[in-house]
$ cat target.cif   # mmCIF, C-alpha atoms
data_input
#
loop_
_atom_site.label_atom_id
_atom_site.label_comp_id
_atom_site.auth_asym_id
_atom_site.auth_seq_id
_atom_site.Cartn_x
_atom_site.Cartn_y
_atom_site.Cartn_z
CA MET A 5 -134.75 -105.00 127.28
CA SER A 6 -131.30 -103.49 127.66
CA THR A 7 -128.68 -104.40 125.10
CA ALA A 8 -125.27 -105.82 125.90
CA VAL A 9 -122.22 -105.69 123.71
CA ILE A 10 -119.01 -107.60 123.25
CA ARG A 11 -115.65 -107.01 121.66
CA VAL A 12 -114.81 -109.33 118.80
CA ALA A 13 -111.20 -110.44 119.09
CA GLU A 14 -108.73 -109.20 116.49
CA PRO A 15 -108.85 -111.83 113.74
CA THR A 16 -105.89 -113.45 112.13
CA SER A 17 -105.32 -112.87 108.43
CA PRO A 18 -107.21 -115.21 106.10
CA ARG A 19 -105.61 -118.63 105.75
CA SER A 20 -103.03 -117.70 108.39
CA GLU A 21 -101.16 -120.76 109.59
CA ARG A 22 -100.35 -119.09 112.93
CA TRP A 23 -103.14 -119.45 115.43
CA PRO A 24 -103.48 -116.87 118.22
CA ALA A 25 -102.37 -117.79 121.73
CA THR A 26 -106.00 -117.54 122.83
CA VAL A 27 -106.96 -120.42 120.53
CA TRP A 28 -104.11 -122.59 121.79
CA ALA A 29 -105.08 -121.84 125.40
CA LEU A 30 -108.68 -122.85 124.73
CA LEU A 31 -107.57 -126.06 123.02
CA ALA A 32 -105.42 -126.84 126.06
CA GLY A 33 -108.33 -126.05 128.37
CA THR A 34 -110.58 -128.28 126.29
CA PHE A 35 -108.07 -131.11 126.66
CA ILE A 36 -107.62 -130.87 130.42
CA THR A 37 -111.34 -130.63 131.16
CA ARG A 38 -112.03 -133.64 128.94
CA ALA A 39 -109.10 -135.61 130.33
CA GLY A 40 -110.44 -135.05 133.84
CA GLY A 41 -114.09 -135.15 132.79
CA PHE A 42 -115.04 -138.27 134.76
CA THR A 43 -118.42 -137.04 135.95
CA TYR A 44 -120.62 -138.07 133.06
CA PRO A 45 -118.81 -141.20 131.77
CA TYR A 46 -118.80 -142.72 135.27
CA LEU A 47 -122.11 -141.36 136.54
CA ALA A 48 -123.95 -144.62 135.80
CA TYR A 49 -121.42 -146.54 137.90
CA HIS A 50 -121.66 -143.94 140.69
CA LEU A 51 -125.43 -144.42 140.79
CA ALA A 52 -125.01 -148.20 140.89
CA ASP A 53 -122.59 -147.88 143.81
CA ARG A 54 -125.21 -145.79 145.62
CA GLY A 55 -127.74 -148.61 145.16
CA VAL A 56 -129.92 -146.79 142.63
CA ALA A 57 -132.09 -149.18 140.60
CA ALA A 58 -131.54 -149.26 136.82
CA SER A 59 -134.92 -147.65 136.07
CA TRP A 60 -134.21 -144.72 138.40
CA ALA A 61 -130.61 -144.49 137.17
CA SER A 62 -131.90 -143.88 133.65
CA ILE A 63 -134.01 -140.99 134.95
CA VAL A 64 -131.08 -139.45 136.84
CA LEU A 65 -128.92 -139.73 133.71
CA ALA A 66 -131.70 -138.04 131.75
CA LEU A 67 -131.78 -135.22 134.32
CA PHE A 68 -128.06 -134.75 133.76
CA GLY A 69 -128.86 -134.42 130.05
CA ALA A 70 -131.62 -131.90 130.78
CA GLY A 71 -129.15 -129.80 132.76
CA TRP A 72 -126.68 -130.07 129.89
CA LEU A 73 -129.34 -128.67 127.52
CA VAL A 74 -130.12 -125.73 129.80
CA GLY A 75 -126.44 -124.96 130.27
CA GLN A 76 -125.69 -124.78 126.55
CA VAL A 77 -128.29 -122.11 125.80
CA MET A 78 -127.70 -120.24 129.05
CA PHE A 79 -123.91 -120.00 128.72
CA GLY A 80 -124.06 -119.37 124.97
CA THR A 81 -126.38 -116.42 125.55
CA LEU A 82 -124.30 -115.11 128.45
CA ALA A 83 -121.18 -115.28 126.26
CA ASP A 84 -122.87 -112.84 123.85
CA ARG A 85 -124.26 -110.58 126.56
CA ILE A 86 -121.69 -110.36 129.36
CA GLY A 87 -118.57 -111.50 127.55
CA ARG A 88 -116.68 -114.70 126.76
CA ARG A 89 -114.13 -114.56 129.60
CA THR A 90 -116.57 -113.73 132.39
CA THR A 91 -118.96 -116.48 131.30
CA LEU A 92 -116.24 -119.13 131.06
CA VAL A 93 -114.76 -118.24 134.46
CA VAL A 94 -118.18 -118.33 136.14
CA ALA A 95 -119.09 -121.67 134.53
CA MET A 96 -115.86 -123.43 135.48
CA THR A 97 -115.92 -122.06 139.02
CA ALA A 98 -119.46 -123.36 139.43
CA ALA A 99 -118.36 -126.77 138.14
CA ALA A 100 -115.58 -126.87 140.74
CA VAL A 101 -118.28 -126.52 143.42
CA VAL A 102 -121.02 -128.76 141.99
CA PHE A 103 -119.04 -131.91 141.13
CA PRO A 104 -117.90 -132.60 144.74
CA ILE A 105 -121.52 -132.18 145.86
CA LEU A 106 -122.56 -134.89 143.38
CA ALA A 107 -119.69 -137.06 144.61
CA GLY A 108 -120.92 -136.86 148.20
CA ALA A 109 -124.67 -137.30 147.53
CA HIS A 110 -126.38 -140.53 148.65
CA ALA A 111 -130.16 -140.02 148.68
CA LEU A 112 -131.97 -140.36 145.37
CA GLY A 113 -133.35 -136.83 145.51
CA ALA A 114 -129.93 -135.33 146.24
CA LEU A 115 -128.35 -137.38 143.45
CA ALA A 116 -131.03 -136.22 141.00
CA ALA A 117 -130.67 -132.53 141.90
CA ALA A 118 -126.87 -132.66 141.87
CA ALA A 119 -126.87 -134.52 138.55
CA PHE A 120 -129.01 -131.79 136.97
CA ALA A 121 -126.73 -129.05 138.31
CA ALA A 122 -123.65 -130.96 137.15
CA GLY A 123 -125.17 -131.30 133.70
CA VAL A 124 -125.62 -127.52 133.48
CA VAL A 125 -121.89 -126.86 133.89
CA TYR A 126 -120.31 -130.07 132.55
CA ASP A 127 -120.07 -128.97 128.91
CA ALA A 128 -120.43 -125.22 129.48
CA PRO A 129 -117.21 -124.29 127.64
CA ARG A 130 -118.48 -125.66 124.31
CA PRO A 131 -120.53 -122.64 123.04
CA ILE A 132 -118.11 -120.15 124.61
CA VAL A 133 -115.07 -121.68 122.93
CA SER A 134 -116.96 -121.92 119.63
CA ALA A 135 -117.81 -118.22 119.78
CA VAL A 136 -114.23 -117.21 120.58
CA ILE A 137 -112.90 -119.28 117.66
CA ALA A 138 -115.43 -117.68 115.29
CA ASP A 139 -114.47 -114.23 116.63
CA THR A 140 -110.75 -114.83 116.24
CA ILE A 141 -110.40 -116.77 112.96
CA PRO A 142 -112.10 -115.32 109.86
CA ASP A 143 -111.84 -118.03 107.16
CA GLU A 144 -113.74 -121.31 107.00
CA PRO A 145 -110.84 -123.69 106.15
CA THR A 146 -108.85 -122.52 109.18
CA ARG A 147 -111.94 -122.71 111.38
CA ALA A 148 -112.44 -126.28 110.15
CA LYS A 149 -108.84 -127.12 111.05
CA VAL A 150 -109.29 -125.67 114.53
CA ALA A 151 -112.56 -127.59 114.93
CA GLY A 152 -110.77 -130.78 113.88
CA TRP A 153 -107.93 -130.32 116.34
CA ARG A 154 -110.41 -129.29 119.02
CA HIS A 155 -112.16 -132.62 118.52
CA PHE A 156 -108.73 -134.27 118.57
CA ALA A 157 -108.08 -132.62 121.96
CA VAL A 158 -111.43 -133.88 123.22
CA ASN A 159 -110.62 -137.45 122.23
CA LEU A 160 -107.05 -137.32 123.46
CA GLY A 161 -108.62 -136.28 126.74
CA ALA A 162 -111.08 -139.17 126.42
CA ALA A 163 -108.17 -141.58 126.15
CA CYS A 164 -106.87 -140.24 129.45
CA THR A 165 -110.34 -140.35 130.97
CA GLY A 166 -110.84 -143.98 130.02
CA ALA A 167 -107.36 -145.14 131.00
CA VAL A 168 -107.10 -143.23 134.27
CA GLY A 169 -110.73 -143.83 135.21
CA GLY A 170 -110.48 -147.55 134.46
CA ILE A 171 -107.36 -147.83 136.63
CA LEU A 172 -108.50 -145.63 139.53
CA ALA A 173 -112.24 -146.31 139.75
CA GLU A 174 -111.95 -149.42 141.90
CA PRO A 175 -108.97 -148.59 144.16
CA VAL A 176 -109.85 -144.94 144.96
CA GLY A 177 -113.58 -144.82 144.22
CA ILE A 178 -115.64 -142.86 141.73
CA PRO A 179 -116.29 -139.90 144.12
CA VAL A 180 -112.55 -139.16 143.99
CA LEU A 181 -112.74 -139.07 140.20
CA PHE A 182 -115.54 -136.48 140.42
CA CYS A 183 -113.37 -134.34 142.69
CA ILE A 184 -110.53 -134.54 140.17
CA ASN A 185 -113.01 -133.29 137.57
CA ALA A 186 -113.76 -130.33 139.84
CA ALA A 187 -110.07 -129.54 140.23
CA VAL A 188 -109.37 -129.41 136.48
CA CYS A 189 -112.37 -127.12 135.98
CA ALA A 190 -110.88 -124.77 138.58
CA VAL A 191 -107.61 -124.81 136.62
CA PHE A 192 -109.45 -123.92 133.40
CA ALA A 193 -111.14 -121.02 135.19
CA VAL A 194 -107.72 -119.65 136.12
CA VAL A 195 -106.42 -120.14 132.56
CA ALA A 196 -109.45 -118.30 131.14
CA LEU A 197 -109.03 -115.46 133.60
CA ARG A 198 -105.38 -114.99 132.66
CA VAL A 199 -105.49 -115.61 128.90
CA LEU A 200 -108.84 -114.50 127.47
CA PRO A 201 -109.20 -110.75 126.84
CA GLN A 202 -111.85 -108.84 128.75
CA THR A 203 -114.72 -108.06 126.40
CA ARG A 204 -116.08 -104.57 125.97
CA SER A 205 -118.77 -102.84 123.92
CA THR A 206 -118.50 -102.94 120.15
CA VAL A 207 -121.08 -105.44 118.86
CA HIS A 208 -124.71 -104.90 119.79
CA VAL A 209 -126.95 -107.81 120.74
CA PRO A 210 -130.36 -106.66 119.49
CA GLN A 211 -133.76 -107.63 120.80
CA GLY A 212 -135.29 -110.55 118.96
CA SER A 213 -132.08 -112.58 118.76
CA TYR A 214 -133.83 -115.65 120.20
CA ARG A 215 -136.75 -115.28 117.80
CA ALA A 216 -134.45 -114.83 114.79
CA ALA A 217 -132.42 -117.90 115.75
CA LEU A 218 -135.41 -120.10 116.51
CA THR A 219 -137.06 -119.21 113.19
CA ASP A 220 -133.90 -119.83 111.15
CA ALA A 221 -134.93 -122.94 109.19
CA ARG A 222 -131.30 -123.87 108.54
CA LEU A 223 -130.47 -123.88 112.24
CA LEU A 224 -133.57 -125.90 113.10
CA LEU A 225 -132.81 -128.54 110.45
CA LEU A 226 -129.17 -128.71 111.54
CA TRP A 227 -130.39 -129.16 115.10
CA LEU A 228 -132.58 -132.14 114.13
CA VAL A 229 -129.85 -133.73 112.01
CA SER A 230 -127.33 -133.33 114.81
CA VAL A 231 -129.59 -134.83 117.47
CA CYS A 232 -130.10 -137.93 115.33
CA ALA A 233 -126.38 -138.22 114.57
CA LEU A 234 -125.25 -137.60 118.15
CA ILE A 235 -127.58 -140.03 119.94
CA PRO A 236 -125.17 -142.83 118.89
CA VAL A 237 -122.27 -140.69 120.21
CA ALA A 238 -124.05 -140.23 123.54
CA ALA A 239 -124.69 -143.98 123.56
CA LEU A 240 -120.96 -144.44 124.18
CA TYR A 241 -121.42 -142.96 127.66
CA SER A 242 -124.90 -144.16 128.62
CA VAL A 243 -126.08 -147.10 126.49
CA LEU A 244 -122.73 -148.86 126.29
CA PRO A 245 -122.10 -149.13 130.06
CA LEU A 246 -125.66 -150.38 130.61
CA MET A 247 -125.25 -153.12 127.99
CA MET A 248 -121.78 -154.05 129.24
CA ALA A 249 -123.07 -154.26 132.81
CA ASP A 250 -125.92 -156.43 131.52
CA ASP A 251 -123.26 -158.73 130.03
CA HIS A 252 -121.46 -158.80 133.43
CA LEU A 253 -118.33 -157.09 132.11
CA PRO A 254 -116.11 -155.15 134.57
CA THR A 255 -115.76 -151.36 134.72
CA SER A 256 -112.26 -151.62 133.26
CA ALA A 257 -113.68 -153.16 130.05
CA TYR A 258 -115.80 -150.04 129.54
CA GLY A 259 -112.80 -147.81 130.21
CA TRP A 260 -110.71 -149.63 127.61
CA SER A 261 -113.50 -149.38 125.02
CA GLN A 262 -113.22 -145.61 125.47
CA VAL A 263 -109.47 -145.81 125.06
CA ALA A 264 -109.87 -147.81 121.82
CA GLY A 265 -112.17 -145.16 120.39
CA ALA A 266 -109.88 -142.34 121.45
CA ILE A 267 -106.85 -144.04 119.88
CA ALA A 268 -108.79 -144.39 116.63
CA VAL A 269 -109.50 -140.65 116.74
CA LEU A 270 -105.82 -139.89 117.38
CA VAL A 271 -104.86 -141.96 114.33
CA LEU A 272 -107.62 -140.78 111.97
CA SER A 273 -107.83 -137.08 112.89
CA PRO A 274 -104.47 -136.09 111.30
CA LEU A 275 -105.62 -137.88 108.13
CA MET A 276 -109.17 -136.53 107.99
CA ASN A 277 -108.70 -132.95 109.23
CA PRO A 278 -106.74 -131.64 106.20
CA TRP A 279 -109.23 -133.21 103.80
CA LEU A 280 -112.20 -131.74 105.68
CA ALA A 281 -110.49 -128.34 105.79
CA ARG A 282 -110.14 -128.40 101.99
CA ARG A 283 -113.82 -129.25 101.66
CA ALA A 284 -114.68 -126.34 103.95
CA ALA A 285 -113.11 -123.96 101.39
CA GLY A 286 -116.04 -124.61 99.05
CA PRO A 287 -118.97 -122.20 98.67
CA ALA A 288 -121.49 -124.44 100.47
CA PRO A 289 -121.45 -126.09 103.91
CA MET A 290 -120.43 -129.74 104.17
CA VAL A 291 -123.96 -131.14 104.47
CA GLY A 292 -123.32 -134.19 102.28
CA ILE A 293 -120.45 -135.32 104.47
CA LEU A 294 -122.62 -134.67 107.52
CA ALA A 295 -125.23 -137.08 106.11
CA ALA A 296 -122.60 -139.78 105.56
CA SER A 297 -121.29 -139.28 109.09
CA ALA A 298 -124.79 -139.78 110.54
CA LEU A 299 -125.12 -143.09 108.71
CA LEU A 300 -121.72 -144.27 109.90
CA LEU A 301 -122.40 -143.30 113.51
CA GLY A 302 -125.72 -145.15 113.54
CA ALA A 303 -124.27 -148.29 111.97
CA GLY A 304 -121.11 -148.26 114.10
CA MET A 305 -122.69 -147.82 117.52
CA GLY A 306 -125.67 -149.93 116.48
CA SER A 307 -123.31 -152.85 115.98
CA ALA A 308 -122.63 -152.78 119.74
CA GLY A 309 -126.06 -154.36 120.18
CA LEU A 310 -124.86 -157.41 118.27
CA THR A 311 -121.94 -158.32 120.56
CA SER A 312 -121.31 -159.33 124.15
CA SER A 313 -117.50 -159.30 124.36
CA PRO A 314 -115.11 -156.46 125.31
CA ILE A 315 -113.44 -156.70 121.90
CA GLY A 316 -116.79 -156.48 120.13
CA TYR A 317 -117.81 -153.37 122.07
CA ALA A 318 -114.44 -151.73 121.40
CA ALA A 319 -114.76 -152.54 117.69
CA ALA A 320 -118.20 -150.90 117.55
CA VAL A 321 -116.75 -147.72 119.03
CA VAL A 322 -113.86 -147.71 116.54
CA ILE A 323 -116.19 -148.21 113.55
CA ALA A 324 -118.13 -145.09 114.53
CA VAL A 325 -115.05 -142.88 114.93
CA PRO A 326 -114.78 -141.48 111.34
CA GLY A 327 -118.44 -140.49 111.52
CA GLU A 328 -117.91 -138.77 114.86
CA ILE A 329 -114.94 -136.74 113.57
CA ALA A 330 -116.77 -135.62 110.44
CA ALA A 331 -120.05 -134.87 112.23
CA PHE A 332 -118.55 -132.36 114.66
CA ILE A 333 -116.45 -130.58 112.02
CA CYS A 334 -119.25 -130.43 109.43
CA ALA A 335 -121.84 -129.21 111.93
CA ALA A 336 -119.44 -126.52 113.17
CA ASP A 337 -118.92 -125.45 109.55
CA VAL A 338 -122.67 -124.97 109.06
CA VAL A 339 -123.05 -123.04 112.34
CA ASN A 340 -120.14 -120.72 111.51
CA ARG A 341 -121.63 -119.90 108.11
CA ILE A 342 -125.17 -119.16 109.22
CA ALA A 343 -124.60 -117.43 112.58
CA PRO A 344 -124.80 -113.60 112.65
CA THR A 345 -121.81 -111.94 114.34
CA HIS A 346 -123.89 -110.67 117.27
CA SER A 347 -125.36 -114.14 117.94
CA ARG A 348 -122.39 -116.47 117.60
CA GLY A 349 -122.63 -117.60 121.21
CA LEU A 350 -126.41 -118.08 120.95
CA TYR A 351 -126.20 -120.11 117.73
CA ALA A 352 -123.34 -122.20 119.15
CA GLY A 353 -125.35 -122.69 122.34
CA ILE A 354 -128.50 -123.76 120.49
CA TRP A 355 -126.47 -126.18 118.40
CA GLY A 356 -124.68 -127.32 121.56
CA THR A 357 -128.02 -128.45 122.97
CA THR A 358 -128.04 -131.20 120.35
CA LEU A 359 -125.45 -133.15 122.30
CA ALA A 360 -127.40 -132.40 125.48
CA VAL A 361 -130.63 -133.69 123.91
CA ALA A 362 -128.74 -136.75 122.69
CA VAL A 363 -127.44 -137.28 126.23
CA LEU A 364 -131.03 -136.92 127.46
CA CYS A 365 -132.54 -139.27 124.86
CA ALA A 366 -129.87 -141.97 124.73
CA PRO A 367 -130.43 -143.45 128.23
CA LEU A 368 -134.21 -143.26 127.79
CA LEU A 369 -133.91 -144.99 124.43
CA ALA A 370 -131.59 -147.56 126.01
CA GLY A 371 -133.95 -148.24 128.89
CA TRP A 372 -136.92 -148.75 126.57
CA SER A 373 -134.98 -150.81 124.01
CA LEU A 374 -133.39 -153.07 126.60
CA ALA A 375 -136.74 -153.68 128.28
CA ALA A 376 -138.72 -154.18 125.07
CA GLY A 377 -136.31 -156.09 122.86
CA GLY A 378 -132.89 -156.42 124.46
CA HIS A 379 -129.61 -155.64 122.79
CA GLN A 380 -130.97 -156.33 119.29
CA LEU A 381 -133.55 -153.55 119.61
CA VAL A 382 -130.79 -151.20 120.80
CA ALA A 383 -128.94 -151.98 117.54
CA ILE A 384 -132.02 -151.23 115.44
CA SER A 385 -132.78 -148.01 117.33
CA LEU A 386 -129.29 -146.55 117.04
CA THR A 387 -129.02 -147.46 113.36
CA GLY A 388 -132.42 -145.87 112.74
CA CYS A 389 -131.23 -142.62 114.35
CA GLY A 390 -128.37 -142.44 111.86
CA VAL A 391 -130.64 -143.11 108.88
CA LEU A 392 -133.11 -140.40 109.97
CA GLY A 393 -130.30 -137.89 110.44
CA ALA A 394 -128.99 -138.58 106.93
CA ALA A 395 -132.47 -138.17 105.44
CA LEU A 396 -132.94 -134.78 107.13
CA CYS A 397 -129.74 -133.56 105.47
CA LEU A 398 -131.57 -133.38 102.13
CA PRO A 399 -133.76 -130.33 102.96
CA LEU A 400 -130.85 -128.81 104.87
CA ALA A 401 -128.68 -129.06 101.76
CA VAL A 402 -131.39 -127.43 99.66
CA LEU A 403 -131.69 -124.45 102.03
CA THR A 404 -127.97 -123.89 102.51
CA HIS A 405 -127.30 -124.05 98.76
CA ARG A 406 -130.15 -121.73 97.80
CA LEU A 407 -129.39 -118.94 100.22
CA SER A 408 -126.83 -116.56 98.72
CA GLU A 409 -125.98 -114.86 102.05
CA PRO A 410 -125.44 -117.68 104.56
CA THR A 411 -124.29 -115.43 107.39
CA ARG A 412 -127.75 -113.88 107.78
CA PRO A 413 -130.53 -115.51 109.73
CA GLY A 414 -132.95 -117.43 107.59
CA PRO A 415 -136.64 -116.64 107.25
#
$ encode --input "target.cif" --output "structure tokens"
Amino acid sequence: MSTAVIRVAEPTSPRSERWPATVWALLAGTFITRAGGFTYPYLAYHLADRGVAASWASIVLALFGAGWLVGQVMFGTLADRIGRRTTLVVAMTAAAVVFPILAGAHALGALAAAAFAAGVVYDAPRPIVSAVIADTIPDEPTRAKVAGWRHFAVNLGAACTGAVGGILAEPVGIPVLFCINAAVCAVFAVVALRVLPQTRSTVHVPQGSYRAALTDARLLLLWLVSVCALIPVAALYSVLPLMMADDHLPTSAYGWSQVAGAIAVLVLSPLMNPWLARRAAGPAPMVGILAASALLLGAGMGSAGLTSSPIGYAAAVVIAVPGEIAAFICAADVVNRIAPTHSRGLYAGIWGTTLAVAVLCAPLLAGWSLAAGGHQLVAISLTGCGVLGAALCLPLAVLTHRLSEPTRPGP
């Protein structure tokens, strides 16, 4: 197999308070793609408008999640092998083409195929942006701050998604929202082309990178913990609309529940980010906080199964917010510490599949729970996911504390 190489961006000095322009551009790109990211949050409603039965809609949503999983590993690997800028431009250009196709599809087969393709590119920037941040910023506290503000940008975008989508969905139609999503992806492609440096050969990507990553016990445990913690997060976009539709609530009620959660993030992020950054300065990854975040996510989103009012659903989302903030920052901290330099994109991509797997599992779990036990079983299932994720943090903590060189792949 031929080897490919990338240039690692010139890092800032340790603990530098000035972030490079590249980082700010990527945070801005993250915001605009999330603010216009209507495709997944409103996919369930798009399928309902096309007359797709609930059982088939769950399968199409799961196919979107399967595409998401494939895209994370594929684009993470490409970021290591052909360069960050090229990969990001290709991914966002493809999204600008695929989302309008999904918007115009009517037949079940076409919807399923387009949903899978849309899933591949929907969250493609995640591993690429993670790799660029790790390349550019050398110290863990600053990386944690960037991760916190990156999550802030995502949720500020979510506030826009919920508000704009809730207002526009009925008068202009969901297909128009998907086309807006395509347009913002095209804008991000242009931003990446103009701002990101062209990579060149300095860091070798050796053979066996996949095998080394997939046999790293720390990465595998983090993957399992993250899947359990993020299923409740994915429930916000798949389980919640199904339950709210079952309670005969309008689309706007779902949009405002997203806005409530995003506002909570906007309020809590400036308070939590500095504290989490200080914890990231310690010698060990923040596995204990990750365990607490899994419990809070499970309990918060699980409480949605115990309500039937718009206020109750919004409250469930808000309760889960501190866990969501901490989970993303703590998981990013672990990935940054254990990933070898030549495999940053691959490690970020493998970890990025956790959200994809959560997106895949959440609608299937919702379909089974709603059919077998109704909203109460949904509450039990989501809470159980959080408890399992917290339990798996115990062996992860043991491994990450015992290993004296956390930047090397584990046995």
$ atom_distance --input "target.cif" --atom1 "CA of Pro245 in chain A" --atom2 "CA of Ala48 in chain A"
7.5 Å
$ residues_around --input "target.cif" --residues "Ile184 in chain A" --least-positions-apart "4" --cutoff "12 Å" --atoms "all atoms listed in the file" --output "MDAnalysis selection string"
chainID A and resid 36:43 99:101 103:104 107 165 168:169 172:173 176:180 188:191
$ closest_residue --input "target.cif" --among "A:Val102, A:Leu67, A:Ala249, A:Val199" --to "Ala52 in chain A" --atoms "all atoms listed in the file"
A:Ala249
$ residues_near_point --input "target.cif" --point "(-122.4, -130.9, 143.3)" --cutoff "12 Å" --atoms "all atoms listed in the file" --output "ChimeraX atom specification"
/A:43,68,97-110,114-126,179,182-183,185-186
$ residues_near_point --input "target.cif" --point "(-127.4, -135.2, 115.1)" --cutoff "10 Å" --atoms "all atoms listed in the file" --output "PyMOL selection string"
chain A and resi 225-237+294-295+297-298+301+331-332+335+355+358-359+361-362+389-390+392-394+396
$ resolve_selection --input "target.cif" --expression "the PyMOL selection byres ((chain A and resi 318-321) around 12)" --output "mmCIF file with C-alpha atoms, in the frame of the given file"
data_model
loop_
_atom_site.group_PDB
_atom_site.id
_atom_site.type_symbol
_atom_site.label_atom_id
_atom_site.label_comp_id
_atom_site.auth_asym_id
_atom_site.auth_seq_id
_atom_site.Cartn_x
_atom_site.Cartn_y
_atom_site.Cartn_z
ATOM 1 C CA PRO A 236 -125.170 -142.830 118.890
ATOM 2 C CA VAL A 237 -122.270 -140.690 120.210
ATOM 3 C CA ALA A 238 -124.050 -140.230 123.540
ATOM 4 C CA ALA A 239 -124.690 -143.980 123.560
ATOM 5 C CA LEU A 240 -120.960 -144.440 124.180
ATOM 6 C CA TYR A 241 -121.420 -142.960 127.660
ATOM 7 C CA VAL A 243 -126.080 -147.100 126.490
ATOM 8 C CA LEU A 244 -122.730 -148.860 126.290
ATOM 9 C CA PRO A 245 -122.100 -149.130 130.060
ATOM 10 C CA MET A 248 -121.780 -154.050 129.240
ATOM 11 C CA ALA A 257 -113.680 -153.160 130.050
ATOM 12 C CA TYR A 258 -115.800 -150.040 129.540
ATOM 13 C CA GLY A 259 -112.800 -147.810 130.210
ATOM 14 C CA TRP A 260 -110.710 -149.630 127.610
ATOM 15 C CA SER A 261 -113.500 -149.380 125.020
ATOM 16 C CA GLN A 262 -113.220 -145.610 125.470
ATOM 17 C CA VAL A 263 -109.470 -145.810 125.060
ATOM 18 C CA ALA A 264 -109.870 -147.810 121.820
ATOM 19 C CA GLY A 265 -112.170 -145.160 120.390
ATOM 20 C CA ALA A 266 -109.880 -142.340 121.450
ATOM 21 C CA ILE A 267 -106.850 -144.040 119.880
ATOM 22 C CA ALA A 268 -108.790 -144.390 116.630
ATOM 23 C CA VAL A 269 -109.500 -140.650 116.740
ATOM 24 C CA LEU A 300 -121.720 -144.270 109.900
ATOM 25 C CA LEU A 301 -122.400 -143.300 113.510
ATOM 26 C CA GLY A 302 -125.720 -145.150 113.540
ATOM 27 C CA ALA A 303 -124.270 -148.290 111.970
ATOM 28 C CA GLY A 304 -121.110 -148.260 114.100
ATOM 29 C CA MET A 305 -122.690 -147.820 117.520
ATOM 30 C CA GLY A 306 -125.670 -149.930 116.480
ATOM 31 C CA SER A 307 -123.310 -152.850 115.980
ATOM 32 C CA ALA A 308 -122.630 -152.780 119.740
ATOM 33 C CA GLY A 309 -126.060 -154.360 120.180
ATOM 34 C CA LEU A 310 -124.860 -157.410 118.270
ATOM 35 C CA THR A 311 -121.940 -158.320 120.560
ATOM 36 C CA SER A 312 -121.310 -159.330 124.150
ATOM 37 C CA SER A 313 -117.500 -159.300 124.360
ATOM 38 C CA PRO A 314 -115.110 -156.460 125.310
ATOM 39 C CA ILE A 315 -113.440 -156.700 121.900
ATOM 40 C CA GLY A 316 -116.790 -156.480 120.130
ATOM 41 C CA TYR A 317 -117.810 -153.370 122.070
ATOM 42 C CA VAL A 322 -113.860 -147.710 116.540
ATOM 43 C CA ILE A 323 -116.190 -148.210 113.550
ATOM 44 C CA ALA A 324 -118.130 -145.090 114.530
ATOM 45 C CA VAL A 325 -115.050 -142.880 114.930
ATOM 46 C CA PRO A 326 -114.780 -141.480 111.340
ATOM 47 C CA GLY A 327 -118.440 -140.490 111.520
ATOM 48 C CA GLU A 328 -117.910 -138.770 114.860
ATOM 49 C CA ALA A 383 -128.940 -151.980 117.540
ATOM 50 C CA LEU A 386 -129.290 -146.550 117.040
#
$ axis_aligned_box --input "target.cif" --around "range 233-250 of chain A" --padding-each-side "5 Å" --output "lines of an AutoDock Vina configuration file"
center_x = -124.3
center_y = -147.0
center_z = 123.7
size_x = 16.6
size_y = 28.8
size_z = 28.2
$ closest_residue --input "target.cif" --among "A:Lys149, A:Arg89, A:His50, A:Arg130" --to "Arg198 in chain A" --atoms "only C-alpha atoms"
A:Arg89
$ atom_distance --input "target.cif" --atom1 "CA of Gly152 in chain A" --atom2 "CA of Ala70 in chain A"
26.9 Å
$ atom_distance --input "target.cif" --atom1 "CA of Leu280 in chain A" --atom2 "CA of Asp84 in chain A"
28.3 Å
$ resolve_selection --input "target.cif" --expression "the PyMOL selection byres ((chain A and resi 75-83) around 10)" --output "VMD selection string"
chain A and resid 8 to 10 69 to 74 84 to 92 94 to 95 120 to 136 203 209 213 to 214 347 to 360
$ closest_residue --input "target.cif" --among "A:Val56, A:Ala296, A:Ala336, A:Val271" --to "Ala395 in chain A" --atoms "all atoms listed in the file"
A:Ala296
$ closest_residue --input "target.cif" --among "A:Ala29, A:Val64, A:Ala157, A:Leu51" --to "Ser273 in chain A" --atoms "all atoms listed in the file"
A:Ala157
$ closest_residue --input "target.cif" --among "A:Ile329, A:Ala66, A:Leu223, A:Met247" --to "Leu272 in chain A" --atoms "only C-alpha atoms"
A:Ile329
$ residues_around --input "target.cif" --residues "Leu368 in chain A" --least-positions-apart "5" --cutoff "10 Å" --atoms "only C-alpha atoms" --output "ChimeraX atom specification"
/A:59,62-63,65-66,242-243,362-363,373-374
$ residues_around --input "target.cif" --residues "Ala285 in chain A" --least-positions-apart "5" --cutoff "10 Å" --atoms "all atoms listed in the file" --output "ChimeraX atom specification"
/A:143-146,148,280,290
$ closest_residue --input "target.cif" --among "A:Met96, A:Thr219, A:Leu224, A:Ala61" --to "Leu112 in chain A" --atoms "only C-alpha atoms"
A:Ala61
